[in-house]
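What follows is upload-v5.txt (compact mmCIF, C-alpha atoms and all ligand atoms).
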```
# COMPACT_ATOMS: atom_id res chain seq x y z
CA MET A 1 0.00 0.00 0.00
CA THR A 2 1.48 3.36 -0.99
CA ILE A 3 2.24 5.81 1.80
CA TYR A 4 2.34 9.48 0.86
CA THR A 5 4.37 11.87 3.04
CA ALA A 6 5.27 15.55 3.36
CA SER A 7 7.42 17.45 5.86
CA THR A 8 7.56 21.12 6.84
CA THR A 9 9.34 23.23 9.40
CA ALA A 10 7.52 26.21 10.92
CA PRO A 11 8.75 29.15 12.97
CA VAL A 12 7.87 30.73 16.27
CA ASN A 13 6.55 34.27 16.17
CA ILE A 14 6.67 36.79 18.99
CA ALA A 15 4.01 39.48 18.95
CA THR A 16 4.97 43.13 19.17
CA LEU A 17 1.27 44.07 19.27
CA LYS A 18 -0.44 41.43 21.37
CA TYR A 19 -3.45 39.26 20.62
CA TRP A 20 -5.35 39.06 23.87
CA GLY A 21 -9.09 38.39 23.87
CA LYS A 22 -11.48 36.40 21.71
CA ARG A 23 -14.82 37.43 20.28
CA ASP A 24 -15.46 33.80 19.29
CA LYS A 25 -13.81 31.04 21.27
CA LYS A 26 -14.61 28.16 18.92
CA LEU A 27 -13.22 29.88 15.81
CA ASN A 28 -10.43 31.73 17.70
CA LEU A 29 -11.60 35.12 16.45
CA PRO A 30 -9.77 37.92 18.26
CA THR A 31 -11.01 41.17 19.77
CA ASN A 32 -8.08 43.05 18.20
CA SER A 33 -5.66 42.83 15.30
CA SER A 34 -2.05 41.97 16.19
CA ILE A 35 1.47 42.14 14.75
CA SER A 36 4.48 39.89 15.19
CA VAL A 37 8.01 39.19 14.07
CA THR A 38 8.71 35.68 12.79
CA LEU A 39 11.90 34.25 14.27
CA ALA A 40 14.62 32.22 12.53
CA GLN A 41 14.11 28.47 12.42
CA ASP A 42 17.68 27.38 13.13
CA ASP A 43 17.05 28.36 16.75
CA LEU A 44 13.36 27.71 17.35
CA ARG A 45 11.27 25.56 15.07
CA THR A 46 8.79 22.75 14.78
CA LEU A 47 9.44 19.98 12.27
CA THR A 48 6.32 18.09 11.31
CA SER A 49 6.03 15.12 8.97
CA VAL A 50 2.65 13.84 7.87
CA ALA A 51 1.71 10.64 6.10
CA THR A 52 -1.48 9.26 4.67
CA SER A 53 -2.41 5.89 3.26
CA GLU A 54 -5.54 3.90 2.56
CA SER A 55 -4.18 1.33 5.02
CA PHE A 56 -4.05 3.63 8.10
CA SER A 57 -6.79 2.87 10.61
CA GLU A 58 -6.80 6.03 12.71
CA ASP A 59 -5.51 9.59 12.85
CA GLN A 60 -2.47 9.67 15.16
CA LEU A 61 -0.09 12.32 16.47
CA TRP A 62 3.35 11.72 17.97
CA LEU A 63 4.71 14.88 19.59
CA ASN A 64 8.35 14.81 20.71
CA GLY A 65 8.34 11.01 20.63
CA LYS A 66 5.09 10.49 22.55
CA LEU A 67 1.64 9.62 21.30
CA GLU A 68 -0.66 12.61 21.94
CA SER A 69 -4.39 12.87 21.69
CA LEU A 70 -5.82 14.44 18.55
CA GLU A 71 -9.21 14.72 20.20
CA SER A 72 -9.16 18.43 21.01
CA GLU A 73 -11.85 20.38 19.17
CA ARG A 74 -9.19 22.79 17.88
CA THR A 75 -7.12 20.07 16.22
CA GLN A 76 -10.25 18.38 14.87
CA ASN A 77 -11.34 21.69 13.30
CA CYS A 78 -7.97 22.05 11.57
CA LEU A 79 -8.05 18.48 10.20
CA GLN A 80 -11.64 18.88 9.03
CA ASP A 81 -10.94 22.15 7.16
CA LEU A 82 -7.89 20.65 5.44
CA ARG A 83 -9.86 17.55 4.41
CA ASP A 84 -12.68 19.74 3.09
CA LEU A 85 -10.23 21.64 0.86
CA ARG A 86 -8.66 18.39 -0.34
CA SER A 87 -12.08 16.96 -1.05
CA LYS A 88 -12.95 20.04 -3.15
CA LEU A 89 -9.73 19.50 -5.10
CA GLU A 90 -10.56 15.82 -5.63
CA LEU A 91 -14.01 16.74 -6.97
CA SER A 92 -12.50 19.10 -9.52
CA ASP A 93 -9.74 16.68 -10.57
CA LYS A 94 -10.86 13.12 -11.17
CA ASN A 95 -7.24 11.90 -11.24
CA ALA A 96 -6.50 13.20 -7.76
CA ILE A 97 -5.85 10.45 -5.20
CA PRO A 98 -8.79 10.27 -2.71
CA MET A 99 -6.61 11.15 0.30
CA SER A 100 -9.28 13.29 1.93
CA LYS A 101 -10.96 10.06 3.10
CA TRP A 102 -7.82 8.46 4.50
CA LYS A 103 -6.37 8.69 8.00
CA LEU A 104 -3.29 10.73 8.83
CA HIS A 105 -0.16 9.99 10.82
CA ILE A 106 1.49 13.15 12.16
CA VAL A 107 4.94 13.16 13.74
CA SER A 108 6.26 16.39 15.17
CA GLU A 109 9.28 17.63 17.06
CA ASN A 110 9.98 21.02 18.62
CA ASN A 111 13.68 21.88 18.98
CA PHE A 112 12.86 23.87 22.13
CA PRO A 113 10.77 23.25 25.30
CA THR A 114 7.06 22.65 24.64
CA ALA A 115 4.52 24.67 26.68
CA ALA A 116 7.18 26.82 28.38
CA GLY A 117 5.86 30.11 27.05
CA LEU A 118 8.03 29.96 23.94
CA ALA A 119 5.07 29.94 21.55
CA SER A 120 5.30 26.21 20.84
CA SER A 121 1.60 26.06 20.03
CA ALA A 122 2.08 28.73 17.33
CA ALA A 123 4.92 26.88 15.59
CA GLY A 124 3.22 23.54 16.27
CA PHE A 125 -0.12 24.33 14.66
CA ALA A 126 1.50 26.27 11.80
CA ALA A 127 3.70 23.25 11.00
CA LEU A 128 0.81 20.79 11.28
CA VAL A 129 -1.41 22.77 8.94
CA ALA A 130 1.36 23.66 6.47
CA ALA A 131 2.58 20.04 6.25
CA ILE A 132 -0.90 18.66 5.57
CA ALA A 133 -1.58 21.45 3.04
CA LYS A 134 1.60 20.37 1.27
CA LEU A 135 0.69 16.66 1.41
CA TYR A 136 -2.74 17.51 -0.05
CA GLU A 137 -1.18 19.82 -2.67
CA LEU A 138 -3.67 22.53 -1.76
CA PRO A 139 -3.49 25.56 -4.06
CA GLU A 140 -4.72 28.02 -1.40
CA SER A 141 -2.57 31.04 -0.43
CA ALA A 142 -0.71 31.31 2.88
CA SER A 143 -3.37 33.75 4.13
CA GLU A 144 -6.11 31.19 3.39
CA ILE A 145 -4.14 28.43 5.13
CA SER A 146 -3.49 30.81 8.07
CA LYS A 147 -7.23 30.80 8.82
CA ILE A 148 -7.03 27.07 9.46
CA ALA A 149 -3.95 27.39 11.70
CA ARG A 150 -5.81 30.15 13.59
CA LYS A 151 -8.44 27.62 14.64
CA GLY A 152 -5.68 25.52 16.23
CA SER A 153 -4.18 28.41 18.19
CA GLY A 154 -4.83 32.05 17.38
CA SER A 155 -1.21 33.15 17.25
CA ALA A 156 -0.35 30.20 14.95
CA CYS A 157 -1.88 32.02 11.97
CA ARG A 158 1.02 34.51 12.07
CA SER A 159 3.61 31.70 11.81
CA LEU A 160 2.50 30.98 8.22
CA PHE A 161 4.53 34.01 7.11
CA GLY A 162 8.12 35.07 7.53
CA GLY A 163 9.29 38.57 8.38
CA TYR A 164 6.78 41.02 9.81
CA VAL A 165 3.22 39.79 10.03
CA ALA A 166 -0.20 41.19 10.86
CA TRP A 167 -3.21 39.18 11.92
CA GLU A 168 -6.18 41.18 10.72
CA MET A 169 -8.96 40.55 13.20
CA GLY A 170 -11.76 40.74 10.59
CA THR A 171 -15.40 41.49 11.33
CA LYS A 172 -17.30 38.54 9.88
CA ALA A 173 -18.97 36.07 12.22
CA ASP A 174 -17.68 33.05 10.29
CA GLY A 175 -14.06 34.21 10.56
CA SER A 176 -13.52 34.25 6.79
CA ASP A 177 -11.72 37.62 6.99
CA SER A 178 -9.66 36.90 10.14
CA LYS A 179 -6.31 36.01 8.64
CA ALA A 180 -2.57 36.67 8.64
CA VAL A 181 -0.97 38.91 6.02
CA GLU A 182 2.59 40.05 5.43
CA VAL A 183 3.41 43.59 6.61
CA ALA A 184 6.97 43.43 5.28
CA SER A 185 9.30 40.66 4.24
CA ARG A 186 12.33 39.62 6.24
CA GLU A 187 14.48 41.10 3.46
CA HIS A 188 12.81 44.48 3.94
CA TRP A 189 14.26 44.81 7.46
CA PRO A 190 16.81 41.99 7.90
CA GLU A 191 18.68 43.81 10.67
CA MET A 192 16.12 42.86 13.33
CA LYS A 193 17.54 40.55 16.00
CA ALA A 194 16.01 39.02 19.11
CA ALA A 195 17.48 37.86 22.41
CA ILE A 196 15.22 35.69 24.52
CA LEU A 197 15.99 35.58 28.23
CA VAL A 198 14.40 32.36 29.42
CA VAL A 199 13.37 32.87 33.01
CA SER A 200 13.93 29.80 35.16
CA ASP A 201 10.95 27.90 36.38
CA ALA A 202 8.89 29.28 33.52
CA LYS A 203 5.72 27.53 34.63
CA LYS A 204 2.60 29.27 33.39
CA ASP A 205 0.35 31.09 35.84
CA THR A 206 -2.77 30.71 33.67
CA PRO A 207 -3.03 29.23 30.15
CA SER A 208 -3.47 31.92 27.46
CA THR A 209 -6.92 30.68 26.45
CA SER A 210 -8.48 30.89 29.91
CA GLY A 211 -6.45 33.98 30.82
CA MET A 212 -7.83 35.98 27.94
CA GLN A 213 -11.37 34.79 28.64
CA LEU A 214 -11.04 36.11 32.19
CA THR A 215 -9.65 39.44 30.97
CA VAL A 216 -12.48 39.91 28.45
CA ALA A 217 -15.06 39.12 31.12
CA THR A 218 -13.70 41.20 34.00
CA SER A 219 -11.26 43.95 33.01
CA ASP A 220 -12.54 47.51 32.44
CA LEU A 221 -9.14 48.56 31.16
CA PHE A 222 -9.41 45.92 28.45
CA GLN A 223 -12.30 47.80 26.81
CA GLU A 224 -10.15 50.91 26.55
CA ARG A 225 -7.33 48.80 25.10
CA ILE A 226 -9.34 47.19 22.31
CA GLN A 227 -11.49 50.20 21.44
CA ASN A 228 -9.03 53.09 21.64
CA VAL A 229 -5.47 51.93 22.08
CA VAL A 230 -4.82 49.00 19.76
CA PRO A 231 -6.55 50.19 16.56
CA LYS A 232 -4.33 53.29 16.43
CA ARG A 233 -1.23 51.37 17.49
CA PHE A 234 -1.83 48.74 14.79
CA GLU A 235 -1.57 51.37 12.05
CA GLN A 236 1.41 53.09 13.71
CA MET A 237 3.31 49.84 14.12
CA LYS A 238 2.78 48.79 10.51
CA GLN A 239 4.09 52.21 9.49
CA ALA A 240 7.11 51.89 11.81
CA ILE A 241 7.97 48.55 10.15
CA VAL A 242 7.47 49.81 6.61
CA SER A 243 9.66 52.85 7.29
CA ARG A 244 12.16 50.81 9.39
CA ASP A 245 11.75 53.26 12.25
CA PHE A 246 13.25 51.33 15.19
CA PRO A 247 12.68 53.95 17.93
CA LEU A 248 8.97 54.09 17.07
CA PHE A 249 8.71 50.30 16.62
CA ALA A 250 10.45 49.81 19.99
CA GLU A 251 8.32 52.27 21.91
CA LEU A 252 5.09 50.83 20.51
CA THR A 253 6.30 47.29 21.29
CA MET A 254 7.19 48.10 24.91
CA ARG A 255 4.01 50.09 25.47
CA ASP A 256 1.91 47.28 24.05
CA SER A 257 3.54 44.65 26.23
CA ASN A 258 2.91 46.85 29.25
CA SER A 259 -0.68 47.50 28.18
CA PHE A 260 -1.39 43.78 27.74
CA HIS A 261 0.09 42.94 31.16
CA ALA A 262 -1.86 45.83 32.70
CA THR A 263 -5.12 44.26 31.48
CA CYS A 264 -3.97 40.98 33.03
CA LEU A 265 -3.45 42.73 36.36
CA ASP A 266 -6.82 44.44 35.92
CA SER A 267 -8.55 41.06 35.47
CA TYR A 268 -10.41 39.79 38.49
CA PRO A 269 -8.90 37.79 40.11
CA PRO A 270 -5.68 39.25 38.65
CA ILE A 271 -3.36 37.25 36.40
CA PHE A 272 0.41 37.60 36.89
CA TYR A 273 2.58 36.53 33.98
CA MET A 274 5.61 38.73 34.62
CA ASN A 275 7.61 38.13 37.77
CA ASP A 276 10.26 40.14 39.66
CA THR A 277 12.95 39.05 37.20
CA SER A 278 10.79 40.19 34.27
CA ARG A 279 10.30 43.56 35.92
CA GLN A 280 14.01 43.96 36.56
CA ILE A 281 14.65 43.27 32.87
CA VAL A 282 12.12 45.97 31.91
CA LYS A 283 13.91 48.42 34.15
CA LEU A 284 17.31 47.43 32.77
CA CYS A 285 16.14 47.98 29.17
CA HIS A 286 14.91 51.49 30.01
CA GLN A 287 18.21 52.18 31.77
CA ILE A 288 20.17 50.97 28.73
CA ASN A 289 18.18 53.19 26.38
CA ALA A 290 18.60 56.16 28.74
CA PHE A 291 22.33 55.49 29.08
CA PHE A 292 22.88 55.70 25.32
CA ASN A 293 20.24 58.41 24.94
CA GLU A 294 19.01 56.30 22.06
CA THR A 295 16.51 53.47 21.71
CA VAL A 296 18.69 50.42 21.24
CA VAL A 297 16.38 47.79 22.72
CA ALA A 298 12.70 46.92 23.09
CA TYR A 299 11.32 44.29 25.46
CA THR A 300 8.15 42.28 25.17
CA PHE A 301 6.59 39.56 27.36
CA ASP A 302 3.97 36.97 26.40
CA ALA A 303 1.85 34.92 28.78
CA GLY A 304 4.84 34.08 30.96
CA PRO A 305 7.92 35.66 32.57
CA ASN A 306 10.37 35.17 29.64
CA ALA A 307 11.68 38.38 28.09
CA VAL A 308 12.10 38.84 24.35
CA LEU A 309 14.43 41.73 23.47
CA TYR A 310 14.33 43.17 19.95
CA TYR A 311 17.28 45.19 18.67
CA LEU A 312 19.04 46.07 15.42
CA GLN A 313 22.28 44.47 14.27
CA HIS A 314 24.15 47.77 14.18
CA ASN A 315 23.46 48.28 17.90
CA GLU A 316 24.53 44.78 18.88
CA THR A 317 27.79 45.69 20.58
CA LYS A 318 26.21 48.50 22.58
CA LEU A 319 23.32 46.35 23.80
CA MET A 320 25.28 43.15 24.29
CA ALA A 321 27.94 44.98 26.28
CA PHE A 322 25.23 45.35 28.93
CA ILE A 323 23.39 42.06 28.42
CA TYR A 324 26.58 39.99 28.40
CA GLN A 325 27.78 41.81 31.51
CA VAL A 326 24.58 40.81 33.33
CA PHE A 327 23.79 37.42 31.77
CA GLY A 328 27.23 36.28 30.55
CA GLN A 329 27.17 33.34 32.96
CA ASN A 330 24.01 31.92 31.39
CA GLN A 331 24.01 29.26 28.66
CA GLY A 332 23.53 30.10 24.99
CA TRP A 333 26.17 32.69 24.12
CA GLU A 334 28.71 30.38 22.51
CA LEU A 335 26.11 29.07 20.07
CA LYS A 336 25.97 32.46 18.35
CA PHE A 337 29.08 34.44 19.22
CA SER A 338 32.79 33.69 18.85
CA ALA A 339 35.18 34.17 21.76
CA GLN A 340 36.33 37.31 19.94
CA ASP A 341 32.78 38.74 19.76
CA LEU A 342 32.28 38.05 23.45
CA SER A 343 35.50 39.74 24.45
CA ALA A 344 34.51 42.72 22.28
CA PHE A 345 31.33 43.03 24.38
CA LYS A 346 33.43 42.86 27.56
CA ASP A 347 35.85 45.47 26.28
CA TYR A 348 33.06 47.80 25.21
CA PHE A 349 31.59 47.59 28.70
CA ALA A 350 34.94 48.23 30.37
CA ASP A 351 35.97 51.07 28.04
CA ASN A 352 32.71 52.89 27.38
CA ILE A 353 30.19 52.01 30.06
CA ALA A 354 31.63 51.00 33.45
CA ASP A 355 32.87 54.46 34.49
CA GLU A 356 29.82 56.31 33.22
CA LEU A 357 27.24 54.08 34.84
CA ALA A 358 24.77 55.98 37.04
CA PHE A 359 22.85 52.88 38.16
CA GLU A 360 23.77 49.65 39.82
CA ILE A 361 23.64 46.37 37.94
CA ASP A 362 22.12 43.52 39.94
CA GLU A 363 24.84 40.89 39.93
CA ASN A 364 22.39 38.17 40.90
CA LEU A 365 19.91 38.67 38.08
CA HIS A 366 21.48 35.93 35.93
CA LYS A 367 20.63 33.40 38.65
CA ASN A 368 16.96 33.63 37.72
CA ILE A 369 17.59 32.99 34.02
CA SER A 370 18.07 29.47 32.66
CA ARG A 371 19.41 30.36 29.21
CA VAL A 372 19.74 32.99 26.53
CA ILE A 373 18.45 32.29 23.01
CA LEU A 374 20.02 34.58 20.41
CA THR A 375 18.12 34.77 17.15
CA GLN A 376 16.74 37.06 14.47
CA VAL A 377 13.90 37.72 12.07
CA GLY A 378 13.34 34.65 9.92
CA PRO A 379 11.46 33.13 7.00
CA ALA A 380 8.05 31.46 6.54
CA PRO A 381 7.51 27.68 6.95
CA GLN A 382 9.94 25.71 4.81
CA ASN A 383 9.57 22.46 2.93
CA THR A 384 12.17 19.95 3.98
CA GLU A 385 13.44 16.57 2.85
CA GLU A 386 14.04 15.60 6.48
CA CYS A 387 11.26 13.16 7.30
CA LEU A 388 10.31 11.87 10.76
CA ILE A 389 8.18 9.05 9.34
CA ASP A 390 9.36 5.65 8.14
CA THR A 391 7.89 5.56 4.64
CA THR A 392 7.59 1.76 4.67
CA THR A 393 5.54 1.50 7.89
CA GLY A 394 3.99 4.99 8.18
CA ASN A 395 5.15 5.15 11.82
CA PRO A 396 7.75 7.38 13.48
CA LYS A 397 11.35 6.52 12.56
N1 LIG B 401 4.71 20.43 17.31
C1 LIG B 401 3.45 20.49 17.73
N2 LIG B 401 2.46 19.90 17.01
C2 LIG B 401 1.19 19.96 17.43
N3 LIG B 401 0.80 20.59 18.56
C3 LIG B 401 1.74 21.18 19.31
C4 LIG B 401 3.10 21.18 18.93
N4 LIG B 401 3.82 21.85 19.88
C5 LIG B 401 2.94 22.27 20.78
N5 LIG B 401 1.70 21.88 20.47
C6 LIG B 401 0.48 22.09 21.23
O1 LIG B 401 0.60 23.28 21.96
C7 LIG B 401 0.46 23.02 23.36
C8 LIG B 401 1.32 24.00 24.14
O2 LIG B 401 0.70 25.24 24.05
P1 LIG B 401 0.76 26.31 25.20
O3 LIG B 401 -0.03 27.49 24.73
O4 LIG B 401 0.42 25.66 26.49
O5 LIG B 401 2.32 26.64 25.30
P2 LIG B 401 3.22 27.58 24.45
O6 LIG B 401 2.69 27.69 23.07
O7 LIG B 401 4.64 27.09 24.57
O8 LIG B 401 3.12 28.94 25.19
P3 LIG B 401 2.53 30.34 24.68
O9 LIG B 401 1.47 30.05 23.64
O10 LIG B 401 1.99 31.01 25.89
O11 LIG B 401 3.71 31.06 24.14
C9 LIG B 401 0.92 21.58 23.52
O12 LIG B 401 0.39 20.99 24.68
C10 LIG B 401 0.35 20.95 22.24
O13 LIG B 401 -1.00 20.65 22.37
C1 LIG B 402 0.29 36.58 24.84
C2 LIG B 402 0.15 35.99 23.44
O1 LIG B 402 1.28 35.19 23.18
C3 LIG B 402 -1.11 35.18 23.41
C4 LIG B 402 -1.12 34.04 22.46
O2 LIG B 402 -2.25 33.30 22.67
P1 LIG B 402 -2.48 31.88 21.96
O3 LIG B 402 -2.40 32.04 20.49
O4 LIG B 402 -1.57 30.87 22.57
O5 LIG B 402 -3.97 31.60 22.40
P2 LIG B 402 -5.05 30.62 21.79
O6 LIG B 402 -5.66 31.26 20.57
O7 LIG B 402 -6.07 30.48 22.88
O8 LIG B 402 -4.35 29.33 21.47
C5 LIG B 402 0.09 37.17 22.48
C6 LIG B 402 0.32 36.91 21.02
O9 LIG B 402 1.02 35.97 20.64
O10 LIG B 402 -0.17 37.74 20.23
```

What does the file become when written as structure tokens?
Amino acid sequence: MTIYTASTTAPVNIATLKYWGKRDKKLNLPTNSSISVTLAQDDLRTLTSVATSESFSEDQLWLNGKLESLESERTQNCLQDLRDLRSKLELSDKNAIPMSKWKLHIVSENNFPTAAGLASSAAGFAALVAAIAKLYELPESASEISKIARKGSGSACRSLFGGYVAWEMGTKADGSDSKAVEVASREHWPEMKAAILVVSDAKKDTPSTSGMQLTVATSDLFQERIQNVVPKRFEQMKQAIVSRDFPLFAELTMRDSNSFHATCLDSYPPIFYMNDTSRQIVKLCHQINAFFNETVVAYTFDAGPNAVLYYLQHNETKLMAFIYQVFGQNQGWELKFSAQDLSAFKDYFADNIADELAFEIDENLHKNISRVILTQVGPAPQNTEECLIDTTTGNPK
């Protein structure tokens, strides 16, 4: 019996204008539009292989080597939509293989911790949907496919694109206009880099889905955010990206992270995603920008304490002089920087910063960080020849 396979890698994306709140829980329709930067896949990615064959008896998912349930309504919605599109294709092309009726085997691996607030669900659902779309040879555009990933996890729709991405909230009740679109390609602004400070013990306070439901239901501040703050910011941030205006992009990003976490605190009972370490990092970023009298860094925090710092390549030495000074003892530096780069950061700190410093650096801050992930803006999901499925058995290799 022939087994057909396809494999795709998909990226993580980190929002600079946050999605927080649903107007429809089943379809994952948001209460505001959002914007994100797609990160490079050498550092953070999901690899998903899918297989289908007339001989398979049930849909199965292996995630990081373990069988996982495919029962969740969200996953079922994704599989159903993909099968519907395949079935449409089969009706229009009598030679098409009737795969839409066959079961699927899905094998997926994340090269980073799952469910640790590193947007694994975004990369995970984007990879799942993109791999099946490839297997089914669907002709639909990335924006169309993003609507299916959205049903898996809202933020996953943005991982269907590389570079700078908007999720347009849409207004229709059926969600047909709630999709991801490209704001600018990676090539438009390739200088954008990201440093993720993974805060130890990054256990989630409240899952995103229930957290945002609570905020929608109880926060007064949230109404102000979605009605007056975000719509304006959405346009400004797109403009900042198009014109490569880092100071504006950075200020909007930091303000939006703060605004999102303020609505969490304003929920009742309150939700705390940031912790003391997160707050110290916020303060440090403002101190760094004030020190240089220039915006060299922007922070943003998702539904957890990990910090994502955005900065431009040409400011790397200035920023990393500080960050390496504080977090140099953490893991992750050698993966991206040579010994020469690292000593350049040290020298810059010693020669240009140490004597001028008007604030104290907390020498213990690194103790609350488990590792540093150094990455940059990256491309859309990629087809790959690497396959996690044994093509003779249809099971994981
Ligand atoms: N490769 C994958 N394929 C399919 N589903 C995945 C994959 N990776 C993660 N998921 C799904 O996403 C869930 C984790 O999502 P969760 O929102 O809890 O964490 P997160 O995405 O890491 O954090 P956050 O969304 O707050 O950044 C997993 O339990 C699994 O159901
Ligand atoms: C804070 C966020 O990261 C929230 C992401 O929420 P999810 O996309 O994980 O939520 P569900 O749609 O319920 O799966 C902000 C963002 O990525 O825009």

Could you check how far CA of Ser69 (chain A) sits from atom N4 of ligand LIG 401 (chain B), in Å to one decimal?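 These atoms are spaced 12.3 Å apart.
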
May I have the residues within 8 Å of ligand LIG 401 (chain B), computed using all atoms listed in the file, as number ranges by chain? A: 46-48, 61, 63-64, 107-110, 113-125, 127-128, 153, 155, 204, 207-209, 302-304

Around ligand LIG 402 (chain B), at most 9 Å away and counting only C-alpha atoms and all ligand atoms, which residues are there? Put them as a ChimeraX atom specification, please. /A:13-22,25,28-30,33-36,74,117-122,150-158,167,207-213,257,260-261,301-304

With all atoms listed in the file as the counted atoms, please give the residues lying no more than 10 Å from Thr393 (chain A), apart from itself and same-chain residues fewer than 4 positions off, as a list in words. Met1, Thr2, Ile3, Phe56, Ile389 and Lys397 of chain A

Output file for the residues above (C-alpha atoms, as a PDB file, in the frame of the given file):
```pdb
ATOM      1  CA  MET A   1       0.000   0.000   0.000  1.00  0.00           C
ATOM      2  CA  THR A   2       1.480   3.360  -0.990  1.00  0.00           C
ATOM      3  CA  ILE A   3       2.240   5.810   1.800  1.00  0.00           C
ATOM      4  CA  PHE A  56      -4.050   3.630   8.100  1.00  0.00           C
ATOM      5  CA  ILE A 389       8.180   9.050   9.340  1.00  0.00           C
ATOM      6  CA  LYS A 397      11.350   6.520  12.560  1.00  0.00           C
TER       7      LYS A 397
END
```

Set out as a tab-separated table a contact list for region 274-393 of chain A and region 129-141 of chain A with a cut-off of 10 Å, giving each residue of region 274-393 of chain A that qualifies its closest atom pair and distance in Å to one decimal, counting all atoms listed in the file, ordered by chain and rising residue number.
```
residue	atom	partner	partner_atom	distance
A:Pro381	CA	A:Ala130	CA	7.4
A:Gln382	CA	A:Ala130	CA	9.0
A:Asn383	CA	A:Ala131	CA	8.1
A:Thr384	CA	A:Ala131	CA	9.9
```

Env of Ile369 (chain A): 10 Å cut, atoms = only C-alpha atoms, seq-sep filter 3 positions within chain, self excluded. Answer as a PDB file with C-alpha atoms, keeping the file's coordinate frame.
```pdb
ATOM      1  CA  LEU A 197      15.990  35.580  28.230  1.00  0.00           C
ATOM      2  CA  VAL A 198      14.400  32.360  29.420  1.00  0.00           C
ATOM      3  CA  VAL A 199      13.370  32.870  33.010  1.00  0.00           C
ATOM      4  CA  SER A 200      13.930  29.800  35.160  1.00  0.00           C
ATOM      5  CA  ASP A 201      10.950  27.900  36.380  1.00  0.00           C
ATOM      6  CA  ALA A 202       8.890  29.280  33.520  1.00  0.00           C
ATOM      7  CA  THR A 277      12.950  39.050  37.200  1.00  0.00           C
ATOM      8  CA  SER A 278      10.790  40.190  34.270  1.00  0.00           C
ATOM      9  CA  ASN A 306      10.370  35.170  29.640  1.00  0.00           C
ATOM     10  CA  ALA A 307      11.680  38.380  28.090  1.00  0.00           C
ATOM     11  CA  PHE A 327      23.790  37.420  31.770  1.00  0.00           C
ATOM     12  CA  GLN A 329      27.170  33.340  32.960  1.00  0.00           C
ATOM     13  CA  ASN A 330      24.010  31.920  31.390  1.00  0.00           C
ATOM     14  CA  GLN A 331      24.010  29.260  28.660  1.00  0.00           C
ATOM     15  CA  ASN A 364      22.390  38.170  40.900  1.00  0.00           C
ATOM     16  CA  LEU A 365      19.910  38.670  38.080  1.00  0.00           C
ATOM     17  CA  HIS A 366      21.480  35.930  35.930  1.00  0.00           C
ATOM     18  CA  VAL A 372      19.740  32.990  26.530  1.00  0.00           C
TER      19      VAL A 372
END
```
